[in-house]
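Undergrad: Mind looking over this structure? Questions follow.
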Amino acid sequence: MSTTTSGVLSDRHEPLWKRLPIIAHVRRSVGLQRGMLVAGIVICVAFVVLAVFAPLIAPYGYGQLSDDDGTFARQAAPSAEHLWGTTVGGYDVFSRVVWGTRTAISVVVVAVVLSIAIGVVLGLVSGYLGGWVDRVLVVVADAVYAFPSLLLAIVVSIVISGGQSSLWGGILSAGISITVVFVPQYFRVVRAEAVRLKSEAFVESAKVVGSSTPRIMFKHVLRNATRSLPLILTLNASEAILTLAALGFLGFGIGPTSAAEWGYDLNRALSDTASGIWWTGVFPGAAIVLMVLGITLVGESLNDLADPRLRTRRRAGRSKAGRRGAGSTTTTTATTPVDPQEATA
Amino acid sequence: MTVLTGDQIAPEPPAPAAPRRRRSGGGGGLGRYLVVRALLIIPTVFILVTLVFFLMRVVGNPITASVGDRLTEAQLAERLAAAGYDRPIIVQYLEYLGQIVRLDFGTTATDNREISDIIVTYGAATLELVFYALIVALVIGIPLGMLAAYVRDRWPDAVLRILAIFAYATPVFFAGLLLKLTFSVWLGWLPLSGRADTRIAIALGRIENPTGIYILDALRLGNSTITLDVLSHAVLPALTLGLLTAGIFLRLVRTNVIGTLGSEYVDAARSRGVSELRLVRKHALKPALIPIITVMGLQIAMLLGGSVLTETTFGWRGLGFQLQQYLSARDFVAVQGIVAVLAVIVAVTNFLVDVIAALIDPRVRY
Amino acid sequence: ASGGDAADDALNGISVGTTDVITSLDPAGSYDNGSFAVQNQVFGFLMNSPYGSPDVEPDLAESAEFTDPTTYTVTLKDGLTFANGNALTSSDVKFTFDRQLAIADDNGPSSLLGNLASTEAPDDKTVVFTLKGADQTWPQILSSPAGPIVDEDVFSATSLTSPDDIVSGNAFSGQYTITDYSENESIQYAANDAYDGVLGAAKTDSVTATYYTEETDLKLAVQEGDVDVANRSLSPTDLADLAKDDSLTVHNGPGGETRYMVFNFDTMPHGATQPDADAAKALAVRQAVAGVVDREALAKEVYNDTYTPLYSVVPDGLTGATKPLESLYGDGEGGPDVDAATSTLSSAGVSVPVQIDLQYSPDHYGASSDEEYALIKTQLEASGLFTVNLQSTLWDTYSTERRQDAYPVYQLGWFPDFSDADNYLSPFFVKDNFVGNHYDSAAVQALLSQEIAEDDETARTALIGQIQDAVAADLPTLPLLQGTQIVVSASDVQGVDDTLDPSFKFRYGALSR
Amino acid sequence: MTAGPMDQGASPVRHAAHDVPRDERDVAVGITDLRVTFATDGGDVPAVRGVTLDVRAGEVLAIVGESGSGKSVTAKTILRLLPETAVATGAVVLSGQNVLEIGRGAVRELRGTEVAMVFQEPSTALNPVYTVGWQIAEGIRAHGKIGRKEARARAVDILRKVGIPDPETRVDYYPHQFSGGQKQRVVIAMALVLNPSVIVADEPTTALDVTVQAEILDLLRRCRDEFGTAIVLITHNMGVVADLADRVAVMYQGEVVEQAPSAALFAAPQDDYTKRLLGSVPVLEPRGAQVQAVEADRDVVVRASGLEIEYPGRLGRGGFRAVKGVDFSIAKGEVLGLVGESGSGKTTIGRAIAGLTRVTGGSLEVLGVEMNGVHERDFKPLRADIGFVFQDPASSFNPLLTIAECVAEPLIVHGRAGDARAARGRVDELMEAVQLPKAFGDRYPHELSGGQRQRASLARSLALEPTLLIADEPTSALDVSVQARVLELFRELQTDLGFAALFISHDLAVVNMLADRIGVLYHGDLVENGPNDQVLGAPEHPYTQRLLASLPVPDPAEQAARRRRLAELDARAAAGEVA
Ligand SMILES: Nc1ncnc2c1ncn2[C@@H]1O[C@H](COP(=O)(O)OP(=O)(O)OP(=O)(O)O)[C@@H](O)[C@H]1O
Ligand SMILES: Nc1ncnc2c1ncn2[C@@H]1O[C@H](COP(=O)(O)OP(=O)(O)OP(=O)(O)O)[C@@H](O)[C@H]1O
Ligand SMILES: [Mg+2]
Ligand SMILES: [Mg+2]
C-alpha cells in the first residue's frame, strides 16, 4: 500500500485540534461508521471519567465494610443506601464497579505502554536488521504466541507478584503478564512494517545517501511503522481487560482489600447468581462487557477508517454545507446515484 | 485470549502474497518447504518447554503446595530432596530435556499419573469441545461474516458487528453462567455441567477401547438415549466457546471479503454481468479464505486458551481444566508435559493450516 | 457390556455429589481429604471409629492392645477376605505398613508412621507393631490415611499402584467395592459382601459418586435432583439458598477442621527479634487480639454458621476438648471486649495503636478467607487498638514464606489425621513442630510427652485439658473457627446424620432410602 | 468542448463493418453530457465534467489525456462500475437504454453482452483461485441457460480465437500458469465471449513489455475487424493511439478538449493541450551524440567486467541469477542508457553500483572501489559522490518529513550541515537549480505533484555534487508532458554539472534523448552496448531489432510501416526456428 500516510495526515492546514487522531477520525467518518465510532468513544470516555472521579462518584470505598450506621448487610438487595446492593463480602456493588474502572484502566495502561515499548523496539530491530537475531526473535515470538495466553498470563503473574496481591503489585503483575502475551503481537506487526519499509524507496534513498543504520531505523522506519499501532492498541486494551478479569476470576488477581476488580467480584458472585442474587454478578459482568465493547468499537472503527477498502465514504453531489449529516443520499431529480449495492469499492 | 484478525496478520492486501513467493522452487520445492516448516516445530516446542520449565520453578513446587501446612521444616526438606527438587536447577533442566528427547514426559508430581495418559484421557475431551466450538464458530461466523460484508455499512451489518463484539466482549465465565442459568436452571432444557450424565459416563467408560471422545463412543454404542445425553451436555460449552470464536470469525470474514470485493477481479467479474450475490459467494470468499484460514490456525491457540475457562465453567474435564488444576497445585511436571503437547498441537495446526491454505490457493501448487 | 446395566444398577442406588479432588486411590499416594474420603469407603482398617463416635474400635481386628508401652499387638478376625476372594491375613497388614514406609511418596501419609519401628506377622492372624516410643495415639493412627489395609497380591510393594489395577484387581476390604472408576469424574460403588467390620454391611447396594468442579454446579445439581446427597463443599450462600428448599434437608455434624491465627514469636509486635522486643508486651498484644476478635460475627456473617466459634485448639466434640478461651479473654462468654483488651495492653505498657501485618492465603482455605480476614481487620481496627496491614499471598509462596518468618501474624487451618485430641496438640507444640513460630514452651512439651504415653483414659483426658489451658494462656496460635460437616440430601435419604460424627469420616454405607 | 463532425469518412474504409451506411443505430455507445463527482475527505471532486462522446460499431475510439483527466472514470461509467461515493449525471446510452437510469438487473444484463471491459493489469483482473475456463464460462452462464459443457466448449473456442495455444488443455489452467501477455489475451477472450457490441479497454497494454504490447494491439485490431466490435481504448501512449485508433478524443481535466480522426489529429492538432501533449512525446530519432573514447583508467567512473549478481534463494533453495556476466564502463561525464524488458536486470545493476545489492561474481569497480566483497565501512565515504534517483517519486520521500528536510538529509549525514535548518541555504539553491519555488521546501511530499516530487528527488541526489548519478526509470511514473519537462531538466543539469550517469529506462526513446551510449539487457545479458546511433540504427541482436520494431511511434503512417516490419521480423524468426 503506497497510500501510506497521506490519508491519515489529511490536511496540514487544518487547526491542530482537528488533526488529533481520534477527532480527525470522527471527522472523516460517515454514517454507521461514525455512529459506531462515536458510541465507542462515548463509552470509553465515560469509563475514564468514572475512573478519574471514582472517589467522588462512588459512595463508599472499594474495601469499605461499614459506615457510621454500622456494618453493611451482606448480599443486600439494591436499595437507596446501596444502589446496586452488596456482595457476599458486604461490599457495596456500585462502589466496587466504579472503583474497578480504575484498576482496569491502570492495568490497560501498564500493559499497553510496556508492550508497545518492548514490542516496537524488538520488532524494529528484528525487522530492519534481519539476520539471525531476526530469525531467533521470530521463532521465540511465535513460540510465545503459540502458548495459550491465559495460562502464560497466570504463570507470569504468579512469578511477578510472588503470589502477593497488593494493589500495585497486582496491577503491575497483571499488566506485565499481559505484556508478555502482547509483545509478540506488536513485534509481529512492527516487524512486518519494518520489513515492508526496509524496501521502500525512501529508506533505500536514505541508505544511498549514507545515513547510519540507527538514523534510518528511528528517523525513517520507526515513524512510518506505527500506523497500525492505534488499532492493535485498542484491541489489546480490550484483551487486557478480559485477561485481567479472567485472572481475577481464577483467583490470580488482586484481593478485595487492595483494590476493586471486576473479575474477582464475578467469581465471588457465582453462587449468588445461582441462588437468585443477581445484582452481585450482573453489574461487574456488564461493566466488563461494556468497556470491552466501547474499546472494541473504537478499535474497529479506527481499523475501518485506516483501511481504504473498508472505509465508507460520504456520497457526493451535495454542497460543502450539507456535509454534516452525511450518510444517506438525497437524490435530486437530475442526479442518478450509482447503486450502492453494486459499487463495493 | 488473544484475538488477531486478518488485517493484523496480513496488513497487506488480501491476495495471498506470502505463498506466492514459494512458487519458484520447482519440483522439490513444496516438499522441502514442508520439511523446513515441519522442522520449525522443534524450536517452538523447545522454547516453550524451556520457558515453562523455568517459570514453573520460580512459582513453587508441588510438595510444599500440597503438604506445606502439615509437615515440619525437616520433613519437608527431606521430601524435597527425595524428589530431587533440591538439586541445581540447571541439572534438573538438563535431565528434563533428556527425558523430553526420549519422548518421556514423566509422571505428574501430585497424582502420579503418566503425562501421556493424561494427554490421551483429557486430550480427547478437549478435542471434542474444540471441535464442537469450531463447528459452531464456522457455521455461524462464516455465513454471517459474508452477509455482513454483503450488506456492509447498512443497519444489518451494524447489528451483526455489534453482536459479534458482544460475543467477544463477554468473558467466557460470565457468558457460561448466564447460559447455564437460562437453559439449565430456568428452562431446564440442558444439563448443567460435565460431559455426560454420571451413569452414562460410566457406561461409556465400559465399552471396549473407548476413544474418550464421548460422541464417537456413544455412536458406537448405538444407543440414542446416550447419544442424546452426550450431545445435550455439549450444547452449552460448545455455544460458549463457539460464539466467542464466531464473533472473531465473523469480523475476520467480513473484513477479508470486503477486501477481496474491492479487488479488480471482482470488478472484472461484475463487468461480465455476474450477479452480486454470486460475487460474494464465489469470487470474494474463496480468495478471502486464504488469510482467514491462516488466522484461524492461530486461533487454535486461542481456542485452547479459551477452553481453559470454558472447561472450568462447565466442569468439562479436558486438558485446559486439568492444566489449571495442576497449575494451582504447582505440579510443574504436569504443566510442562501438557504445555509441551499443547505447543506441538498448536505448531502442527499452524503447519497444517499452511498446507491447507496452499491447497486452496492454486498458485502454490507445484 | 451395555450402558443399560449400569443405568439400572444405579437407579436403585444413591447418588452422591462432591467437589472433592482425588489425587490417588492408592493409600500410599495420598494425604488429602478427597482421596481419603474414597479410601474410607473401600478399605478396611485395623481400628476404625464406629458411627457416632470419635474413638476407635477394632474393625478388621478381633482385638488390639498395647502388650507393652511400645508394642501394639493386633489379632485379626477369622476368615477375612478381600472382595476379590484373596484371604486377608497378617501378611497383608505387614505388607500395607512396610510398603507405606518403603514408598514414602511425596504426597503420601508416611510421615504419620514416623513412630513405627517395625511390623511383624508372627502368624496369619497376629500382627505386632513395635513403636519407637510410647504412643497412645497409635490405635487412632491405624484409622488414619496411613492405615487402609491393601492386598499384597494386587498392590506393588515398592511403587504406587494405578487405579485401574486396583479396580480390576478388586482389591477392596471396606464396605464397598468400586466397579467403575473415572478419576475425579465419577465412581460407581457396589456393596462389598466380604466386609465384616465394625461398621457392618452397607445399607445401600449401589452408590454413585459424581465429582463436580464447581461448588455452584454441585448446588444446582442437588437442587435439580441430579444427585441425592451433596457432600462437601457448598458455599455459605448456596447452603442458605438450599435450606429454603423443602425437598432437601441440610444436615450438620461436628467438623474436625479448625481455622486459627499464628503469631510468630520472633517477628510479631514486640517479638524476640524486634528492636522493641519484650515477651510480656508481645503476650499482651496476643491477648488483646484474642479479646477483640468476634468469633460469633465471623461464623455468622462470613460463613452463615457453616463454621462455629472455636475456643480451644482442640475442637469441640473430641474426647478431652475444653473451651479455655471462652472465659479467658473478651467478655468472658466468648464475645469481644474492647475495654478488657485496652487495659491488657496498657497494663503491659504497650503503646496503641499496635501495627499488625496480617497475612492470609486466598486460595487454600476457601474463597471466604477474603471475607474472613477483611472482617478481622475491621474488627481489630474498630477497637482502636490496632492498625492492620492486611496482605494476601497465594498458597505456595505463602507456605514457604511463613516458615521463613516473613509473616508476623498469619492465617492457618488444620484438618486432622485422626480423631484424637493429640492430633491438635503434638504437631503444633512439640519441639520443631510444623508451625515453626518459635513458640518453645518446656512446660507444654513435658505435658505432651506425658499425655502421649499415658494409657489411662481419664488421666490422659485431664492432661489434654491442662495442655489446652497452657496454650490458651500463651496464645502461640489463636483458634478462631471450627468447621462443621454439612451435607445436603434429598429428604427421603436416611442415615446422613449417623455418619456426620466426630470421626469426620463420611461413610456411604450409612445411607439408605 | 469539441464535438467534431463525426461521420465524415475520414478514416479509410478497411473492413466490412464500415461498408454499412452509418446511421444512428450504428452508434454503439452514446455519452451525453456526462458528469461524475466523487466525495472525498477534501470535499467533492468533479472527475468528469460534461463529456459527450460516441463510439460506433467497428471503430476504435482512443481516449487520451494526462493522468487524472477522467479517462478511466468515463470508461467505467459505461458499465456503471463506479464506487458508491460517485454520483453520475447525464446519459450513457447503450443499445437504446440509459445505463445510468435503468435498474440493477438490467445493467447486469447489459454487462458482458452489450459492453465488456478489458482491464489494465491482467494479473489482478483474473481471480487467482479459479481456472480461466471457469471464469469465462461463468460470464456465459450469467446470461442465459447454458449447460456447463457448452459453456466450456465456447470458452475453449474463444481462447483459441485470441491465440492461446492448446486451448483444450489451457482452459483448465489457473491464471498464474499464464504469462503476462497470455493473461491479457484471456482477459480479452472473456470480454469477447458474449460478442458484445462495445469493448472498453482501459490501458490494456501499459503493464506489458513493448514486444508483448505489439501482440496485444494486434489482437485488439483483429477484434475490431473480425467481430465488428466497437472499442473504447484508453491509453496515455500516443504510439498505441497511432497504432490502433480510428478516432481520438483528448481529455483534459474532466473535459473532452478535442475529438478527431486519428490521422487528422496527429497531422494537425487543434487544441493547445493536444499540441503540447504531442510535442512532449519522445521520439526515436538519431541524435548524433558525441562519444568520447575512454582514455585513461582514472577517467572511468564505473567499470564492470564479468559482473554477476545472484539473489539468494529462500530456505536454502538455489539462488536466482539476475545478471549473468556483464561488461561495461561509464566514463567521467558520460551518460550510459540501459534498456531492456521487465525483469532483465536493469534495476539490479543500478542497485549494485549504489551498493544496495551485493555483487556475487566478476568485478564491479565504482569510483575505484571494488564492489565485489566490499564492506559498507569502506564504501560509505564514496556515497557522497553517488546520487540516486528512484523510479517512483512518491515513495522515495519519507512522507513524514518536509521536502527541505528530505533534501537536507545527505548534507546532514555527510556533515556538511548540522541540521535541516543549517542546510536550508544550500537546499534553497538546489531547489532553484531544479526550478522549484523555495517555498515548496516547507511542504510535505504528498503536497507536491508527481513532476515536482521528481524534481525534488533530483535536487536531493545532486545535493552533494556527485560524480555519478544513477537514475532508475526516473520518469516512468510521470505523464508524458511532465516527463518531457523532467527529462529536459535532467539534460540541462547533466550538461552544467557534468556528472556521469547510468540512466535506466524501458523506453528506448527516452534513453535515446539523454544517453551517450546505450546498453540493451536481455535476460541478464548485455546483448548490445554502443553509441546511440549504432545501437538504434544498426542493432545487431535480434532482441534489439524486435524491441525497436515493437515500439509504436506517434504517427499513424509511420506506425503502419513499422507494423509491417515487425511482421516480417516475426516471420523471419519463425522461419529461423524451423530451420
Ligand atoms: N474512487 C475515487 N474517489 C475519489 N476520486 C476519484 C476516484 N476515482 C477517480 N477519482 C478522481 O477522478 C479523477 C479522474 O480519474 P481517472 O481515474 O478517470 O483518471 P485517468 O484519466 O484514468 O488517469 P490515469 O491515466 O492516471 O489512469 C482523478 O482526479 C481522480 O483522483
Ligand atoms: N530481491 C530479489 N530477490 C530475488 N530476485 C529478485 C530480487 N529483485 C529482483 N529479482 C529478480 O531479478 C530479476 C531482475 O530484476 P530487476 O529488478 O533488475 O529487473 P528490471 O530490469 O529492473 O525490471 P523492471 O523493468 O520491471 O524494473 C528479475 O527476474 C527479478 O524477479
Ligand atoms: Mg486510468
Ligand atoms: Mg526495475
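FYI, nothing fancy with the C-alpha cells labels: chains A, B, ... in order, residues from 1 per chain, ligands from 1 as they appear.
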Produce as a ChimeraX atom specification the set of residues near ligand 2, where near means within 8 Å with only C-alpha atoms and all ligand atoms considered.
TA: /D:310-313,319-323,339-350,472-473,505-506,521,523-524
Undergrad: Got time to write the residues from that selection, C-alpha atoms, as a PDB file, in the first residue's frame?
TA:
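Result file follows (out-v7.pdb):
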```pdb
ATOM      1  CA  GLU D 310      22.668 -13.608  -7.873  1.00  0.00           C
ATOM      2  CA  TYR D 311      19.766 -13.192  -5.489  1.00  0.00           C
ATOM      3  CA  PRO D 312      19.912 -15.745  -2.677  1.00  0.00           C
ATOM      4  CA  GLY D 313      17.159 -18.344  -2.720  1.00  0.00           C
ATOM      5  CA  GLY D 319      19.521 -18.509  -5.903  1.00  0.00           C
ATOM      6  CA  PHE D 320      18.354 -16.577  -8.935  1.00  0.00           C
ATOM      7  CA  ARG D 321      20.951 -15.131 -11.287  1.00  0.00           C
ATOM      8  CA  ALA D 322      19.603 -11.757 -12.347  1.00  0.00           C
ATOM      9  CA  VAL D 323      22.789 -10.547 -14.047  1.00  0.00           C
ATOM     10  CA  VAL D 339      17.163  -0.563 -21.592  1.00  0.00           C
ATOM     11  CA  GLY D 340      15.593  -3.959 -21.593  1.00  0.00           C
ATOM     12  CA  GLU D 341      12.353  -5.685 -20.878  1.00  0.00           C
ATOM     13  CA  SER D 342      10.922  -6.018 -17.446  1.00  0.00           C
ATOM     14  CA  GLY D 343      12.956  -8.314 -15.265  1.00  0.00           C
ATOM     15  CA  SER D 344      16.032  -8.172 -17.448  1.00  0.00           C
ATOM     16  CA  GLY D 345      18.207  -6.916 -14.605  1.00  0.00           C
ATOM     17  CA  LYS D 346      18.384  -3.184 -15.162  1.00  0.00           C
ATOM     18  CA  THR D 347      17.474  -2.173 -11.652  1.00  0.00           C
ATOM     19  CA  THR D 348      19.710  -4.850 -10.239  1.00  0.00           C
ATOM     20  CA  ILE D 349      22.761  -3.368 -11.936  1.00  0.00           C
ATOM     21  CA  GLY D 350      21.852   0.121 -10.809  1.00  0.00           C
ATOM     22  CA  ASP D 472      16.288   4.155 -12.305  1.00  0.00           C
ATOM     23  CA  GLU D 473      13.345   4.859 -14.561  1.00  0.00           C
ATOM     24  CA  SER D 505      14.547   3.078 -18.678  1.00  0.00           C
ATOM     25  CA  HIS D 506      12.367   0.689 -20.574  1.00  0.00           C
ATOM     26  CA  LEU D 521      19.865  -6.011 -21.409  1.00  0.00           C
ATOM     27  CA  HIS D 523      17.579 -11.863 -19.522  1.00  0.00           C
ATOM     28  CA  GLY D 524      20.570 -10.661 -17.578  1.00  0.00           C
TER      29      GLY D 524
END
```
Undergrad: Counting only C-alpha atoms, a student should be able to say which residues of chain D come within 6 Å of chain B; what is the right answer, written as a PyMOL selection string?
TA: chain D and resi 108+111-112+124-127+129+139+142
Undergrad: For the selection you just gave me, I'd like the residues written to a file as a PDB file, in the first residue's frame, keeping all heavy atoms.
TA:
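Final file, out.pdb:
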```
ATOM      1  N   ARG D 108     -27.000  -5.428 -15.174  1.00  0.00           N
ATOM      2  CA  ARG D 108     -26.288  -6.692 -15.135  1.00  0.00           C
ATOM      3  C   ARG D 108     -26.444  -7.420 -16.472  1.00  0.00           C
ATOM      4  O   ARG D 108     -25.508  -8.027 -16.986  1.00  0.00           O
ATOM      5  CB  ARG D 108     -26.824  -7.550 -13.993  1.00  0.00           C
ATOM      6  CG  ARG D 108     -25.933  -8.689 -13.617  1.00  0.00           C
ATOM      7  CD  ARG D 108     -26.437  -9.402 -12.395  1.00  0.00           C
ATOM      8  NE  ARG D 108     -27.625 -10.191 -12.645  1.00  0.00           N
ATOM      9  CZ  ARG D 108     -27.638 -11.304 -13.353  1.00  0.00           C
ATOM     10  NH1 ARG D 108     -26.520 -11.768 -13.854  1.00  0.00           N
ATOM     11  NH2 ARG D 108     -28.744 -11.953 -13.555  1.00  0.00           N
ATOM     12  N   ARG D 111     -24.105  -5.872 -19.069  1.00  0.00           N
ATOM     13  CA  ARG D 111     -22.685  -6.151 -18.879  1.00  0.00           C
ATOM     14  C   ARG D 111     -22.358  -7.501 -19.481  1.00  0.00           C
ATOM     15  O   ARG D 111     -23.026  -8.489 -19.196  1.00  0.00           O
ATOM     16  CB  ARG D 111     -22.336  -6.178 -17.389  1.00  0.00           C
ATOM     17  CG  ARG D 111     -22.405  -4.833 -16.726  1.00  0.00           C
ATOM     18  CD  ARG D 111     -22.150  -5.021 -15.256  1.00  0.00           C
ATOM     19  NE  ARG D 111     -22.244  -3.762 -14.524  1.00  0.00           N
ATOM     20  CZ  ARG D 111     -22.433  -3.696 -13.210  1.00  0.00           C
ATOM     21  NH1 ARG D 111     -22.547  -4.815 -12.514  1.00  0.00           N
ATOM     22  NH2 ARG D 111     -22.504  -2.541 -12.612  1.00  0.00           N
ATOM     23  N   GLY D 112     -21.332  -7.548 -20.238  1.00  0.00           N
ATOM     24  CA  GLY D 112     -20.936  -8.819 -20.833  1.00  0.00           C
ATOM     25  C   GLY D 112     -21.551  -9.017 -22.194  1.00  0.00           C
ATOM     26  O   GLY D 112     -20.859  -9.410 -23.123  1.00  0.00           O
ATOM     27  N   THR D 124      -4.295  -8.860 -12.017  1.00  0.00           N
ATOM     28  CA  THR D 124      -5.251  -8.622 -10.945  1.00  0.00           C
ATOM     29  C   THR D 124      -6.694  -8.729 -11.430  1.00  0.00           C
ATOM     30  O   THR D 124      -7.611  -8.782 -10.633  1.00  0.00           O
ATOM     31  CB  THR D 124      -5.060  -7.235 -10.302  1.00  0.00           C
ATOM     32  OG1 THR D 124      -5.254  -6.257 -11.316  1.00  0.00           O
ATOM     33  CG2 THR D 124      -3.703  -7.082  -9.685  1.00  0.00           C
ATOM     34  N   ALA D 125      -6.877  -8.751 -12.739  1.00  0.00           N
ATOM     35  CA  ALA D 125      -8.238  -8.831 -13.244  1.00  0.00           C
ATOM     36  C   ALA D 125      -8.734 -10.268 -13.306  1.00  0.00           C
ATOM     37  O   ALA D 125      -9.885 -10.510 -13.624  1.00  0.00           O
ATOM     38  CB  ALA D 125      -8.321  -8.190 -14.622  1.00  0.00           C
ATOM     39  N   LEU D 126      -7.858 -11.213 -13.028  1.00  0.00           N
ATOM     40  CA  LEU D 126      -8.268 -12.618 -13.029  1.00  0.00           C
ATOM     41  C   LEU D 126      -8.265 -13.126 -11.603  1.00  0.00           C
ATOM     42  O   LEU D 126      -7.316 -12.887 -10.853  1.00  0.00           O
ATOM     43  CB  LEU D 126      -7.286 -13.444 -13.879  1.00  0.00           C
ATOM     44  CG  LEU D 126      -7.341 -13.139 -15.374  1.00  0.00           C
ATOM     45  CD1 LEU D 126      -6.169 -13.796 -16.081  1.00  0.00           C
ATOM     46  CD2 LEU D 126      -8.661 -13.617 -15.963  1.00  0.00           C
ATOM     47  N   ASN D 127      -9.331 -13.814 -11.250  1.00  0.00           N
ATOM     48  CA  ASN D 127      -9.397 -14.375  -9.898  1.00  0.00           C
ATOM     49  C   ASN D 127      -8.389 -15.515  -9.790  1.00  0.00           C
ATOM     50  O   ASN D 127      -8.486 -16.497 -10.531  1.00  0.00           O
ATOM     51  CB  ASN D 127     -10.812 -14.875  -9.627  1.00  0.00           C
ATOM     52  CG  ASN D 127     -11.036 -15.154  -8.167  1.00  0.00           C
ATOM     53  OD1 ASN D 127     -10.099 -15.521  -7.462  1.00  0.00           O
ATOM     54  ND2 ASN D 127     -12.249 -14.974  -7.688  1.00  0.00           N
ATOM     55  N   VAL D 129      -7.923 -17.936  -7.867  1.00  0.00           N
ATOM     56  CA  VAL D 129      -8.240 -19.272  -7.356  1.00  0.00           C
ATOM     57  C   VAL D 129      -9.207 -20.049  -8.233  1.00  0.00           C
ATOM     58  O   VAL D 129      -9.642 -21.128  -7.863  1.00  0.00           O
ATOM     59  CB  VAL D 129      -8.789 -19.196  -5.919  1.00  0.00           C
ATOM     60  CG1 VAL D 129      -7.762 -18.588  -4.992  1.00  0.00           C
ATOM     61  CG2 VAL D 129     -10.082 -18.412  -5.858  1.00  0.00           C
ATOM     62  N   GLY D 139     -19.151 -16.099 -17.040  1.00  0.00           N
ATOM     63  CA  GLY D 139     -19.733 -14.965 -17.742  1.00  0.00           C
ATOM     64  C   GLY D 139     -20.805 -15.419 -18.720  1.00  0.00           C
ATOM     65  O   GLY D 139     -21.859 -14.802 -18.844  1.00  0.00           O
ATOM     66  N   ALA D 142     -23.898 -16.573 -16.868  1.00  0.00           N
ATOM     67  CA  ALA D 142     -24.621 -15.498 -16.182  1.00  0.00           C
ATOM     68  C   ALA D 142     -25.693 -14.904 -17.094  1.00  0.00           C
ATOM     69  O   ALA D 142     -26.576 -14.190 -16.646  1.00  0.00           O
ATOM     70  CB  ALA D 142     -23.648 -14.401 -15.745  1.00  0.00           C
TER      71      ALA D 142
END
```
Undergrad: As an MDAnalysis selection string, please: every protein or nucleic acid residue near ligand 1 (cut-off 10 Å, counting only C-alpha atoms and all ligand atoms).
TA: (chainID A and resid 313 316 345) or (chainID D and resid 36:48 63:77 82:86 120 202:203 234:237 251:254 477:479)
Undergrad: Dump as a PyMOL selection string the residues of chain D that approach chain A to within 8 Å, counting only C-alpha atoms.
TA: chain D and resi 37-41+43-44+80-89+100-101+104+354-356+380+383-384+386-388+390+392+395-400+409-410+413-414+446
Undergrad: Would you give me, as JSON lines, each residue of chain C having an atom within 8 Å of an atom of chain A, along with its shortest atom pair and that distance in Å to one decimal, using only C-alpha atoms and sorting by chain and residue number?
TA:
```
{"residue": "C:Glu215", "atom": "CA", "partner": "A:Ser271", "partner_atom": "CA", "distance": 7.6}
{"residue": "C:Thr216", "atom": "CA", "partner": "A:Ser271", "partner_atom": "CA", "distance": 5.4}
{"residue": "C:Leu220", "atom": "CA", "partner": "A:Ala274", "partner_atom": "CA", "distance": 7.3}
{"residue": "C:Ser235", "atom": "CA", "partner": "A:Ser271", "partner_atom": "CA", "distance": 7.1}
{"residue": "C:Thr237", "atom": "CA", "partner": "A:Asp272", "partner_atom": "CA", "distance": 6.4}
{"residue": "C:Asp238", "atom": "CA", "partner": "A:Ser271", "partner_atom": "CA", "distance": 6.0}
{"residue": "C:Asp241", "atom": "CA", "partner": "A:Ser275", "partner_atom": "CA", "distance": 5.8}
{"residue": "C:Glu301", "atom": "CA", "partner": "A:Arg74", "partner_atom": "CA", "distance": 7.5}
{"residue": "C:Val302", "atom": "CA", "partner": "A:Gly89", "partner_atom": "CA", "distance": 7.1}
{"residue": "C:Pro362", "atom": "CA", "partner": "A:Gly251", "partner_atom": "CA", "distance": 7.8}
{"residue": "C:Asp363", "atom": "CA", "partner": "A:Gly251", "partner_atom": "CA", "distance": 7.1}
{"residue": "C:Ala367", "atom": "CA", "partner": "A:Arg268", "partner_atom": "CA", "distance": 7.7}
{"residue": "C:Asp370", "atom": "CA", "partner": "A:Pro256", "partner_atom": "CA", "distance": 7.2}
{"residue": "C:Glu371", "atom": "CA", "partner": "A:Gly89", "partner_atom": "CA", "distance": 5.2}
{"residue": "C:Ala374", "atom": "CA", "partner": "A:Thr257", "partner_atom": "CA", "distance": 6.9}
{"residue": "C:Leu375", "atom": "CA", "partner": "A:Leu65", "partner_atom": "CA", "distance": 7.9}
{"residue": "C:Thr378", "atom": "CA", "partner": "A:Leu65", "partner_atom": "CA", "distance": 7.7}
{"residue": "C:Leu390", "atom": "CA", "partner": "A:Thr257", "partner_atom": "CA", "distance": 7.6}
{"residue": "C:Gln391", "atom": "CA", "partner": "A:Ser166", "partner_atom": "CA", "distance": 6.7}
{"residue": "C:Ser392", "atom": "CA", "partner": "A:Ser165", "partner_atom": "CA", "distance": 5.7}
{"residue": "C:Thr393", "atom": "CA", "partner": "A:Gln164", "partner_atom": "CA", "distance": 4.1}
{"residue": "C:Leu394", "atom": "CA", "partner": "A:Gly163", "partner_atom": "CA", "distance": 4.4}
{"residue": "C:Trp395", "atom": "CA", "partner": "A:Gly163", "partner_atom": "CA", "distance": 7.6}
{"residue": "C:Asp396", "atom": "CA", "partner": "A:Gly163", "partner_atom": "CA", "distance": 7.7}
{"residue": "C:Thr397", "atom": "CA", "partner": "A:Gly163", "partner_atom": "CA", "distance": 6.1}
{"residue": "C:Tyr398", "atom": "CA", "partner": "A:Gly163", "partner_atom": "CA", "distance": 7.6}
```
Undergrad: Would you compute the distance between atom CA of Ala28 of chain C and atom CA of Val430 of chain C? Give it in Å to one decimal.
TA: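 Straight-line distance from atom CA of Ala28 of chain C to atom CA of Val430 of chain C works out to 25.8 Å.
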Undergrad: Just the number, please: distance in Å from atom CA of Ala91 of chain D to atom CA of Thr32 of chain D, one decimal.
TA: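 Interatomic distance, atom CA of Ala91 of chain D to atom CA of Thr32 of chain D: 5.1 Å.
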